[in-house]
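Everything below belongs to final-v5.txt, which stores compact mmCIF, C-alpha atoms.
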# COMPACT_ATOMS: atom_id res chain seq x y z
CA MET D 173 51.75 11.69 28.82
CA SER D 174 51.71 15.36 29.78
CA ILE D 175 54.56 17.11 31.50
CA ALA D 176 54.33 20.05 33.82
CA SER D 177 53.30 23.21 31.95
CA SER D 178 56.19 25.08 33.56
CA ALA D 179 58.58 22.66 31.83
CA LYS D 180 57.04 23.17 28.41
CA SER D 181 57.85 25.66 25.71
CA ILE D 182 54.59 25.75 23.80
CA ASP D 183 53.47 28.61 21.55
CA ASP D 184 49.84 29.51 22.31
CA ASN D 185 48.59 28.89 18.76
CA LEU D 186 50.11 25.38 18.74
CA LYS D 187 48.44 24.07 21.89
CA ASN D 188 45.69 22.26 19.97
CA VAL D 189 48.25 20.43 17.82
CA VAL D 190 50.20 19.48 20.95
CA ASP D 191 47.04 18.02 22.48
CA GLU D 192 46.45 15.99 19.32
CA ILE D 193 50.00 14.61 19.35
CA GLU D 194 49.89 13.62 23.02
CA ALA D 195 46.44 12.08 22.56
CA GLN D 196 47.91 9.58 20.08
CA SER D 197 49.68 7.74 22.90
CA SER D 198 50.17 8.21 26.63
CA SER D 199 53.87 7.55 26.05
CA LEU D 200 54.30 10.77 24.03
CA SER D 201 55.16 14.11 25.63
CA VAL D 202 55.74 17.32 23.72
CA PHE D 203 58.57 19.26 25.34
CA ALA D 204 58.45 22.13 22.85
CA ALA D 205 56.19 23.43 20.11
CA ARG D 206 57.50 26.60 18.55
CA GLN D 207 57.07 28.55 15.35
CA PHE D 208 60.06 29.65 13.32
CA ARG D 209 60.75 31.30 10.03
CA TYR D 210 63.36 30.18 7.53
CA SER D 211 64.33 31.49 4.13
CA LEU D 212 63.71 30.01 0.72
CA ARG D 213 65.68 31.25 -2.27
CA GLN D 214 63.75 32.44 -5.33
CA THR D 215 65.63 32.86 -8.59
CA LEU D 216 64.20 34.02 -11.90
CA VAL D 217 65.46 31.82 -14.73
CA GLU D 218 64.81 31.77 -18.44
CA VAL D 219 64.57 28.43 -20.23
CA ASN D 220 64.60 27.94 -23.98
CA ILE D 221 62.04 25.46 -25.25
CA LYS D 222 62.40 23.48 -28.44
CA GLU D 223 59.42 21.63 -29.82
CA PRO D 224 58.37 20.34 -33.25
CA ARG D 225 55.44 21.35 -35.40
CA GLN D 226 53.72 19.59 -38.25
CA PHE D 227 54.90 20.29 -41.80
CA ASN D 228 52.55 22.40 -43.84
CA VAL D 229 51.50 21.13 -47.27
CA LEU D 230 54.08 23.14 -49.25
CA GLU D 231 56.96 22.19 -46.93
CA GLU D 232 56.05 18.51 -47.15
CA PHE D 233 55.86 18.67 -50.96
CA ILE D 234 59.25 20.37 -51.26
CA ILE D 235 60.99 17.82 -49.02
CA ARG D 236 59.27 14.90 -50.76
CA ALA D 237 60.28 16.27 -54.17
CA ALA D 238 63.89 16.67 -53.01
CA ILE D 239 63.93 13.03 -51.86
CA GLU D 240 62.04 11.38 -54.74
CA PHE D 241 62.83 13.46 -57.85
CA GLN D 242 65.89 12.46 -59.86
CA PRO D 243 67.67 14.68 -60.37
CA PRO D 244 66.51 16.87 -57.44
CA PRO D 245 64.65 19.99 -58.66
CA THR D 246 65.60 23.62 -58.28
CA GLU D 247 63.30 26.13 -56.64
CA ASP D 248 62.32 27.60 -60.04
CA GLU D 249 61.49 24.12 -61.37
CA LEU D 250 59.27 23.40 -58.35
CA ALA D 251 57.53 26.74 -58.79
CA SER D 252 56.85 25.87 -62.45
CA ILE D 253 55.52 22.40 -61.54
CA LEU D 254 53.16 23.82 -58.89
CA GLY D 255 52.20 26.88 -60.89
CA LEU D 256 53.33 29.18 -58.07
CA ASP D 257 55.45 32.30 -57.97
CA SER D 258 59.04 31.25 -57.19
CA VAL D 259 59.03 33.74 -54.30
CA PHE D 260 56.74 31.38 -52.31
CA ILE D 261 59.03 28.41 -52.95
CA LYS D 262 62.20 30.34 -52.08
CA THR D 263 60.66 31.71 -48.87
CA THR D 264 59.64 28.22 -47.79
CA THR D 265 63.02 26.64 -48.64
CA ALA D 266 64.76 29.43 -46.70
CA THR D 267 62.66 28.53 -43.66
CA LEU D 268 63.50 24.83 -44.04
CA ARG D 269 67.22 25.63 -44.38
CA SER D 270 67.12 27.71 -41.20
CA LEU D 271 65.80 24.60 -39.45
CA GLN D 272 68.65 22.45 -40.89
CA THR D 273 66.10 20.46 -42.88
CA LEU D 274 67.51 21.41 -46.31
CA SER D 275 71.14 21.92 -47.19
CA ALA D 276 72.30 25.34 -48.38
CA THR D 277 72.78 24.15 -51.95
CA SER D 278 70.89 24.13 -55.21
CA PRO D 279 69.29 22.00 -56.49
CA ILE D 280 67.31 21.24 -53.36
CA ALA D 281 68.85 18.58 -51.10
CA VAL D 282 67.50 17.15 -47.84
CA THR D 283 69.82 16.83 -44.83
CA PRO D 284 69.94 13.64 -42.71
CA GLU D 285 68.06 15.57 -40.03
CA GLY D 286 65.51 16.58 -42.64
CA ARG D 287 64.91 12.95 -43.62
CA SER D 288 64.34 12.10 -39.95
CA PHE D 289 61.92 14.99 -39.57
CA TYR D 290 60.09 13.97 -42.74
CA GLU D 291 59.62 10.42 -41.45
CA LYS D 292 58.16 11.81 -38.21
CA GLY D 293 56.00 14.31 -40.09
CA SER D 294 57.24 17.26 -38.04
CA VAL D 295 59.97 19.87 -38.04
CA PRO D 296 61.61 21.64 -35.08
CA GLN D 297 60.75 25.26 -34.50
CA PRO D 298 63.22 27.92 -33.41
CA PRO D 299 63.52 27.80 -29.60
CA TYR D 300 61.38 30.21 -27.63
CA PRO D 301 62.02 31.55 -24.10
CA VAL D 302 59.90 30.99 -20.99
CA GLN D 303 60.62 32.63 -17.63
CA LEU D 304 60.18 30.60 -14.45
CA ASN D 305 60.81 31.06 -10.75
CA ALA D 306 63.17 28.46 -9.29
CA ILE D 307 62.45 27.95 -5.58
CA SER D 308 65.23 26.38 -3.52
CA ASP D 309 64.06 24.95 -0.17
CA PRO D 310 66.99 24.02 2.12
CA LEU D 311 64.82 21.97 4.49
CA ASP D 312 63.04 20.05 1.76
CA ASN D 313 66.35 19.64 -0.09
CA LYS D 314 64.85 20.19 -3.51
CA ILE D 315 64.19 22.82 -6.16
CA THR D 316 60.75 23.45 -7.60
CA PHE D 317 59.73 25.62 -10.54
CA GLN D 318 56.61 27.73 -10.97
CA SER D 319 55.34 30.51 -13.21
CA GLU D 320 54.18 32.80 -10.40
CA SER D 321 56.62 34.33 -7.95
CA LEU D 322 56.25 33.79 -4.22
CA ASN D 323 55.15 36.73 -2.10
CA ASP D 324 57.44 37.60 0.76
CA THR D 325 55.81 37.85 4.20
CA VAL D 326 57.11 39.92 7.06
CA SER D 327 57.43 37.90 10.24
CA ASN D 328 58.79 38.52 13.72
CA LEU D 329 59.26 34.82 14.39
CA PRO D 330 62.71 33.59 15.40
CA ASP D 331 64.99 32.71 12.49
CA LEU D 332 65.72 28.98 12.30
CA ALA D 333 69.16 29.84 10.90
CA ASP D 334 70.10 31.10 14.38
CA PHE D 335 69.82 27.51 15.59
CA ILE D 336 70.77 25.51 12.50
CA ASN D 337 73.28 26.30 9.77
CA LEU D 338 71.22 26.26 6.58
CA ASP D 339 73.61 28.20 4.32
CA ASN D 340 75.37 25.05 3.15
CA LEU D 341 71.99 23.61 2.09
CA ILE D 342 71.20 26.43 -0.35
CA THR D 343 71.64 25.45 -4.01
CA ASP D 344 73.20 27.81 -6.54
CA ILE D 345 70.81 27.49 -9.50
CA SER D 346 73.34 28.71 -12.06
CA SER D 347 75.72 25.89 -11.17
CA LEU D 348 73.22 23.10 -11.81
CA PRO D 349 73.52 20.85 -14.88
CA LEU D 350 70.80 21.12 -17.52
CA GLU D 351 69.58 17.59 -16.73
CA GLN D 352 68.73 18.59 -13.16
CA ILE D 353 66.81 21.65 -14.37
CA GLN D 354 64.86 19.46 -16.81
CA THR D 355 64.02 16.94 -14.08
CA GLY D 356 63.02 19.71 -11.65
CA ILE D 357 60.64 21.21 -14.22
CA GLN D 358 59.06 17.81 -14.86
CA ASP D 359 58.69 17.09 -11.14
CA SER D 360 57.02 20.49 -10.72
CA GLY D 361 54.24 19.45 -13.07
CA LEU D 362 55.04 21.99 -15.79
CA ALA D 363 54.44 20.78 -19.35
CA LEU D 364 57.62 22.33 -20.69
CA HIS D 365 59.93 19.33 -20.88
CA LEU D 366 58.22 16.40 -22.62
CA PRO D 367 60.90 14.46 -24.50
CA GLU D 368 58.45 11.76 -25.62
CA GLU D 369 56.59 14.50 -27.53
CA GLY D 370 59.76 16.10 -28.85
CA LYS D 371 59.40 19.10 -26.55
CA ILE D 372 62.58 19.79 -24.56
CA VAL D 373 64.21 22.41 -22.39
CA ALA D 374 67.30 23.11 -24.50
CA ASP D 375 69.16 25.44 -22.14
CA PHE D 376 68.65 27.93 -19.32
CA LYS D 377 70.13 31.02 -17.72
CA VAL D 378 69.62 33.06 -14.57
CA VAL D 379 68.15 36.46 -15.46
CA ALA D 380 67.75 38.13 -12.03
CA SER D 381 69.45 38.10 -8.65
CA THR D 382 68.24 35.62 -6.05
CA GLN D 383 65.61 36.78 -3.55
CA LYS D 384 65.19 35.64 0.03
CA ILE D 385 61.59 34.59 0.77
CA TRP D 386 60.51 33.83 4.34
CA LYS D 387 58.42 30.78 5.16
CA LYS D 388 56.73 29.89 8.47
CA ILE D 389 56.99 26.43 9.99
CA SER D 390 56.27 24.77 13.34
CA ILE D 391 58.78 22.55 15.15
CA PHE D 392 57.76 19.98 17.76
CA VAL D 393 60.22 18.27 20.11
CA ILE D 394 58.58 15.02 21.20
CA PHE D 395 59.72 12.53 23.85
CA ASP D 396 58.68 8.87 23.55
CA ALA D 397 58.83 7.20 26.97
CA ILE D 398 58.65 3.68 25.51
CA GLU D 399 61.69 4.19 23.29
CA ASP D 400 63.28 6.68 25.72
CA LYS D 401 64.22 9.03 22.88
CA PHE D 402 63.49 12.48 21.52
CA SER D 403 62.30 13.16 17.99
CA ILE D 404 61.90 16.39 16.05
CA GLN D 405 58.90 16.98 13.83
CA ILE D 406 58.36 19.86 11.40
CA ARG D 407 54.90 20.86 10.25
CA ASN D 408 53.35 23.33 7.87
CA GLY D 409 50.00 23.86 9.54
CA LYS D 410 48.91 20.29 10.34
CA GLN D 411 50.88 18.77 7.47
CA ILE D 412 53.98 16.88 8.59
CA LEU D 413 56.99 17.71 6.39
CA GLU D 414 58.66 14.31 6.26
CA SER D 415 61.91 15.18 4.47
CA ALA D 416 62.45 18.31 6.58
CA SER D 417 61.74 16.34 9.78
CA ASN D 418 64.19 13.63 8.69
CA LEU D 419 66.85 16.26 8.02
CA LEU D 420 66.52 17.77 11.50
CA GLU D 421 66.50 14.29 13.03
CA LEU D 422 69.79 13.58 11.26
CA LEU D 423 71.34 16.87 12.36
CA TYR D 424 70.21 16.19 15.94
CA THR D 425 71.73 12.69 15.84
CA GLU D 426 74.99 14.18 14.57
CA GLY D 427 74.99 16.69 17.43
CA LYS D 428 74.51 19.68 15.14
CA ILE D 429 71.28 20.85 16.80
CA SER D 430 70.95 22.03 20.38
CA LEU D 431 67.83 20.51 21.90
CA GLU D 432 68.06 23.04 24.74
CA ALA D 433 68.00 25.97 22.30
CA LEU D 434 65.04 24.57 20.34
CA CYS D 435 63.08 23.87 23.52
CA LYS D 436 64.14 27.08 25.30
CA LEU D 437 64.77 24.84 28.31
CA SER D 438 67.92 24.13 30.30
CA THR D 439 69.65 20.75 30.12
CA GLU D 440 68.83 20.24 33.79
CA THR D 441 65.11 20.84 33.25
CA ILE D 442 64.99 18.51 30.25
CA ASN D 443 66.78 15.73 32.16
CA LEU D 444 64.61 16.14 35.27
CA GLU D 445 61.39 16.01 33.26
CA ARG D 446 62.61 13.02 31.28
CA GLU D 447 63.41 11.12 34.49
CA ALA D 448 60.06 12.09 36.00
CA ILE D 449 58.23 10.73 32.94
CA LEU D 450 60.18 7.47 32.93
CA ASN D 451 59.55 6.97 36.66
CA GLN D 452 55.86 7.73 36.41
CA GLU D 453 53.55 4.71 36.34
CA ASN D 454 51.95 4.30 32.97
CA PRO D 455 49.76 1.28 32.06
CA GLU D 456 50.47 1.59 28.33
CA ILE D 457 54.24 1.63 28.82
CA GLU D 458 54.07 -1.26 31.27
CA ALA D 459 51.96 -3.29 28.83
CA THR D 460 54.45 -2.64 26.04
CA LEU D 461 57.37 -3.65 28.23
CA GLU D 462 55.55 -6.82 29.28
CA LYS D 463 55.26 -7.79 25.62
CA ILE D 464 58.96 -7.12 25.06
CA ARG D 465 60.26 -9.00 28.14
CA PRO D 466 59.21 -12.56 27.08
CA LYS D 467 60.85 -12.06 23.68
CA THR D 468 64.01 -10.78 25.34
CA LEU D 469 64.01 -13.66 27.84
CA LYS D 470 63.40 -16.21 25.08
CA SER D 471 66.26 -14.78 23.04
CA THR D 472 68.58 -14.83 26.06
CA THR D 473 67.62 -18.45 26.91
CA LYS D 474 68.17 -19.56 23.34
CA THR D 475 71.60 -17.95 23.31
CA SER D 476 72.50 -19.69 26.61
CA VAL D 477 71.43 -23.07 25.25
CA GLU D 478 73.47 -22.57 22.10
CA ILE D 479 76.54 -21.62 24.12
CA SER D 480 76.19 -24.59 26.50
CA SER D 481 75.63 -27.05 23.65
CA ASN D 482 78.77 -25.89 21.84
CA PRO D 483 81.96 -26.62 23.84
CA ALA D 484 84.71 -24.04 23.70
CA LYS D 485 87.05 -24.36 20.78
CA GLY D 486 89.89 -26.67 21.64
CA GLU D 487 88.08 -28.37 24.56
CA SER D 488 88.56 -32.18 24.56
CA LYS D 489 85.64 -34.63 24.77
CA THR D 490 85.58 -37.92 26.69
CA LEU D 491 84.00 -40.80 24.76
Write the structure described by the file as structure tokens, please.
Amino acid sequence: MSIASSAKSIDDNLKNVVDEIEAQSSSLSVFAARQFRYSLRQTLVEVNIKEPRQFNVLEEFIIRAAIEFQPPPTEDELASILGLDSVFIKTTTATLRSLQTLSATSPIAVTPEGRSFYEKGSVPQPPYPVQLNAISDPLDNKITFQSESLNDTVSNLPDLADFINLDNLITDISSLPLEQIQTGIQDSGLALHLPEEGKIVADFKVVASTQKIWKKISIFVIFDAIEDKFSIQIRNGKQILESASNLLELLYTEGKISLEALCKLSTETINLEREAILNQENPEIEATLEKIRPKTLKSTTKTSVEISSNPAKGESKTL
């Protein structure tokens, strides 16, 4: 159901989307369709990745010898058995000790961690750093991670923060627990935290100050004449942003959003147009109400019967 164009606040480049929304049902009227900008927060973080690698042949032989030989051999004895220069053996045992696979004693002794690694056939490598961009979206209420940084775009659109307080929805990345960072990286589709493969994000740190990145969205204020209620819908192009729309719906219900400010319409105009729509004859609305009335009447009748068939508490009966 269309309302008078003078009572609408529709951005020119959103008129086609408005037509599509109102074409879904004659009970729907778009009071406002406006574009806004709001700010994401982009923070450069560095994560340290730990992952195992397969033992090489010499490493595997040294660990096996330390487990099976009695008494355990020294490095020089192993070099003699293999016919190698002891320098090769000592270099390899030093690497294994740095990975907590061998104890720092002689003869060679395997640590409990080393036994576990040997059974798995792999040894952990020293952690290596990877830099990622953490993107905090206050409307989507989540943090995503990506390798490439977002490009800021200059926009003259009105700032959504002038209508809604978004500051309390911004997450401080440095204050997050490691588990949330790990989950966020997994949810972002990055193959950096794969515990089932032994690859984990061991720790993280913020390495650069947070940047403000502007993003464009469209907000639609829609009136449903059947339900006699307003709803707020946020879109990115034609894609409906469900979580962002739900957030604004909640803020509107809690009285934290001014419908008049979003619509750029006075309270009087909104009320007059709402009344005009409700008073306007509409076959679809009438048909819906006709379906509801019998159910309501049946429910009311059933309740009356139940009340009449159950005397008031304390009322005497004549036999």
Legend entry - D:Ser199, D:Ser347, D:Thr325, D:Asn313 ranked by distance to D:Leu420, top pick (using all atoms listed in the file): D:Asn313
Please identify every residue of stretch 289-395 of chain D that has at least one atom no farther than 12 Å from an atom of stretch 213-217 of chain D, counting all atoms listed in the file, and for each give the shortest atom pair and the distance in Å to one decimal, arranged by chain then increasing number, as a tab-separated table.
residue	atom	partner	partner_atom	distance
D:Pro301	CA	D:Val217	CA	10.0
D:Val302	CA	D:Val217	CA	8.4
D:Gln303	CA	D:Val217	CA	5.7
D:Leu304	CA	D:Val217	CA	5.4
D:Asn305	CA	D:Leu216	CA	4.6
D:Ala306	CA	D:Thr215	CA	5.1
D:Ile307	CA	D:Gln214	CA	4.7
D:Ser308	CA	D:Arg213	CA	5.0
D:Asp309	CA	D:Arg213	CA	6.8
D:Pro310	CA	D:Arg213	CA	8.6
D:Leu311	CA	D:Arg213	CA	11.5
D:Asn313	CA	D:Arg213	CA	11.8
D:Lys314	CA	D:Arg213	CA	11.2
D:Ile315	CA	D:Arg213	CA	9.4
D:Thr316	CA	D:Gln214	CA	9.7
D:Phe317	CA	D:Val217	CA	9.4
D:Gln318	CA	D:Leu216	CA	9.9
D:Ser319	CA	D:Leu216	CA	9.6
D:Glu320	CA	D:Leu216	CA	10.2
D:Ser321	CA	D:Gln214	CA	7.8
D:Leu322	CA	D:Gln214	CA	7.7
D:Asn323	CA	D:Gln214	CA	10.1
D:Asp324	CA	D:Gln214	CA	10.2
D:Leu338	CA	D:Arg213	CA	11.6
D:Asp339	CA	D:Arg213	CA	10.8
D:Leu341	CA	D:Arg213	CA	10.8
D:Ile342	CA	D:Arg213	CA	7.6
D:Thr343	CA	D:Arg213	CA	8.5
D:Asp344	CA	D:Arg213	CA	9.3
D:Ile345	CA	D:Thr215	CA	7.5
D:Ser346	CA	D:Val217	CA	8.9
D:Ile353	CA	D:Val217	CA	10.3
D:Ile357	CA	D:Val217	CA	11.7
D:Asp375	CA	D:Val217	CA	10.5
D:Phe376	CA	D:Val217	CA	6.8
D:Lys377	CA	D:Val217	CA	5.6
D:Val378	CA	D:Val217	CA	4.3
D:Val379	CA	D:Val217	CA	5.4
D:Ala380	CA	D:Leu216	CA	5.4
D:Ser381	CA	D:Thr215	CA	6.5
D:Thr382	CA	D:Thr215	CA	4.6
D:Gln383	CA	D:Gln214	CA	5.0
D:Lys384	CA	D:Arg213	CA	5.0
D:Ile385	CA	D:Arg213	CA	6.1
D:Trp386	CA	D:Arg213	CA	8.8
D:Lys387	CA	D:Arg213	CA	10.4
Legend entry - Residue among D:Ser417, D:Gln354, D:Thr246, D:Ser258 lying closest to D:Ile394, counting all atoms listed in the file: D:Ser417
Starting from 8 Å padding per side, set up an axis-aligned box that covers all listed atoms of stretch 273-281 of chain D and hand over centre and edge lengths in Å, one decimal, as JSON.
{"center_x": 69.4, "center_y": 22.0, "center_z": -49.7, "size_x": 22.7, "size_y": 22.8, "size_z": 29.6}
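If you look at atom CA of D:Leu212 and atom CA of D:Phe395, they are 29.3 Å away from each other.
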Inset, instruction - Pull the neighbourhood of (62.9, 17.0, 22.5) for me: all residues within 8 Å in file coordinates, counting all atoms listed in the file, as a PyMOL selection string. - result: chain D and resi 202-204+392-395+402-404+431+435
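Look at D:Glu369: the protein and nucleic acid residues within 12 Å of it, using only C-alpha atoms and passing over chain neighbours fewer than 4 places away, are D:Lys222, D:Glu223, D:Pro224, D:Arg225, D:Lys292, D:Ser294, D:Pro296, D:Ala363, D:Leu364, D:His365.
Here the question is which of D:Glu218, D:Glu285, D:Asp257, D:Asp396 gets nearest to D:Ser201 using all atoms listed in the file, and that residue is D:Asp396.
Closest approach to D:Ser278 among D:Gln411, D:Ala251, D:Pro245, D:Leu256 is made by D:Pro245 (distances from all atoms listed in the file).
Distance check against D:Ser270 using only C-alpha atoms: of D:Gln242, D:Leu329, D:Pro298, D:Asp248, the minimum falls on D:Pro298.
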Inset, instruction - Excluding D:Arg287 and any residue of its chain fewer than 3 positions from it, enumerate the residues within 9 Å of it, using all atoms listed in the file, and give them as a PyMOL selection string. - result: chain D and resi 235+239+273+282-284+290-292
Inset, instruction - Using all atoms listed in the file, pick whichever of D:Lys388, D:Glu426, D:Asn220, D:Lys401 has the shortest atom-to-atom distance to D:Leu332. - result: D:Lys388
Legend entry - Atom pair atom CA of D:Val219 / atom CA of D:Ser288: separation (Å): 25.6 Å
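You will find atom CA of D:Glu194 at 28.1 Å from atom CA of D:Asp334.
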With the input short on atoms, add N, CA and C atoms back to stretch 295-321 of chain D and write it as a compact mmCIF listing (two decimals), keeping the file's coordinate frame.
# COMPACT_ATOMS: atom_id res chain seq x y z
N VAL D 295 58.72 19.14 -37.92
CA VAL D 295 59.97 19.87 -38.04
C VAL D 295 60.16 20.71 -36.78
N PRO D 296 61.40 20.84 -36.28
CA PRO D 296 61.61 21.64 -35.08
C PRO D 296 61.42 23.13 -35.37
N GLN D 297 60.89 23.82 -34.39
CA GLN D 297 60.75 25.26 -34.50
C GLN D 297 61.94 25.94 -33.82
N PRO D 298 62.19 27.19 -34.15
CA PRO D 298 63.22 27.92 -33.41
C PRO D 298 62.86 27.94 -31.93
N PRO D 299 63.84 27.81 -31.03
CA PRO D 299 63.52 27.80 -29.60
C PRO D 299 62.89 29.11 -29.16
N TYR D 300 62.02 29.01 -28.16
CA TYR D 300 61.38 30.21 -27.63
C TYR D 300 61.59 30.24 -26.11
N PRO D 301 61.71 31.44 -25.53
CA PRO D 301 62.02 31.55 -24.10
C PRO D 301 60.77 31.53 -23.22
N VAL D 302 60.94 30.97 -22.02
CA VAL D 302 59.90 30.99 -20.99
C VAL D 302 60.59 31.31 -19.66
N GLN D 303 60.04 32.26 -18.93
CA GLN D 303 60.62 32.63 -17.63
C GLN D 303 59.89 31.89 -16.51
N LEU D 304 60.71 31.35 -15.59
CA LEU D 304 60.18 30.60 -14.45
C LEU D 304 60.88 31.04 -13.17
N ASN D 305 60.21 30.80 -12.06
CA ASN D 305 60.81 31.06 -10.75
C ASN D 305 61.29 29.73 -10.17
N ALA D 306 62.59 29.65 -9.91
CA ALA D 306 63.17 28.46 -9.29
C ALA D 306 63.20 28.69 -7.78
N ILE D 307 62.55 27.81 -7.03
CA ILE D 307 62.45 27.95 -5.58
C ILE D 307 63.32 26.87 -4.92
N SER D 308 64.34 27.31 -4.22
CA SER D 308 65.23 26.38 -3.52
C SER D 308 64.85 26.34 -2.04
N ASP D 309 64.49 25.15 -1.55
CA ASP D 309 64.06 24.95 -0.17
C ASP D 309 65.13 24.14 0.56
N PRO D 310 65.90 24.74 1.46
CA PRO D 310 66.99 24.02 2.12
C PRO D 310 66.51 22.89 3.03
N LEU D 311 65.32 23.02 3.61
CA LEU D 311 64.82 21.97 4.49
C LEU D 311 64.26 20.80 3.70
N ASP D 312 63.62 21.10 2.59
CA ASP D 312 63.04 20.05 1.76
C ASP D 312 64.09 19.44 0.83
N ASN D 313 65.22 20.12 0.72
CA ASN D 313 66.35 19.64 -0.09
C ASN D 313 65.95 19.39 -1.54
N LYS D 314 65.19 20.33 -2.10
CA LYS D 314 64.85 20.19 -3.51
C LYS D 314 64.53 21.57 -4.10
N ILE D 315 64.49 21.59 -5.43
CA ILE D 315 64.19 22.82 -6.16
C ILE D 315 62.92 22.60 -6.95
N THR D 316 61.98 23.51 -6.83
CA THR D 316 60.75 23.45 -7.60
C THR D 316 60.68 24.67 -8.52
N PHE D 317 59.88 24.54 -9.57
CA PHE D 317 59.73 25.62 -10.54
C PHE D 317 58.25 25.98 -10.66
N GLN D 318 57.98 27.26 -10.80
CA GLN D 318 56.61 27.73 -10.97
C GLN D 318 56.60 29.04 -11.74
N SER D 319 55.46 29.30 -12.38
CA SER D 319 55.34 30.51 -13.21
C SER D 319 55.21 31.75 -12.34
N GLU D 320 54.41 31.65 -11.27
CA GLU D 320 54.18 32.80 -10.40
C GLU D 320 55.28 32.90 -9.35
N SER D 321 55.62 34.12 -8.99
CA SER D 321 56.62 34.33 -7.95
C SER D 321 55.97 34.25 -6.57
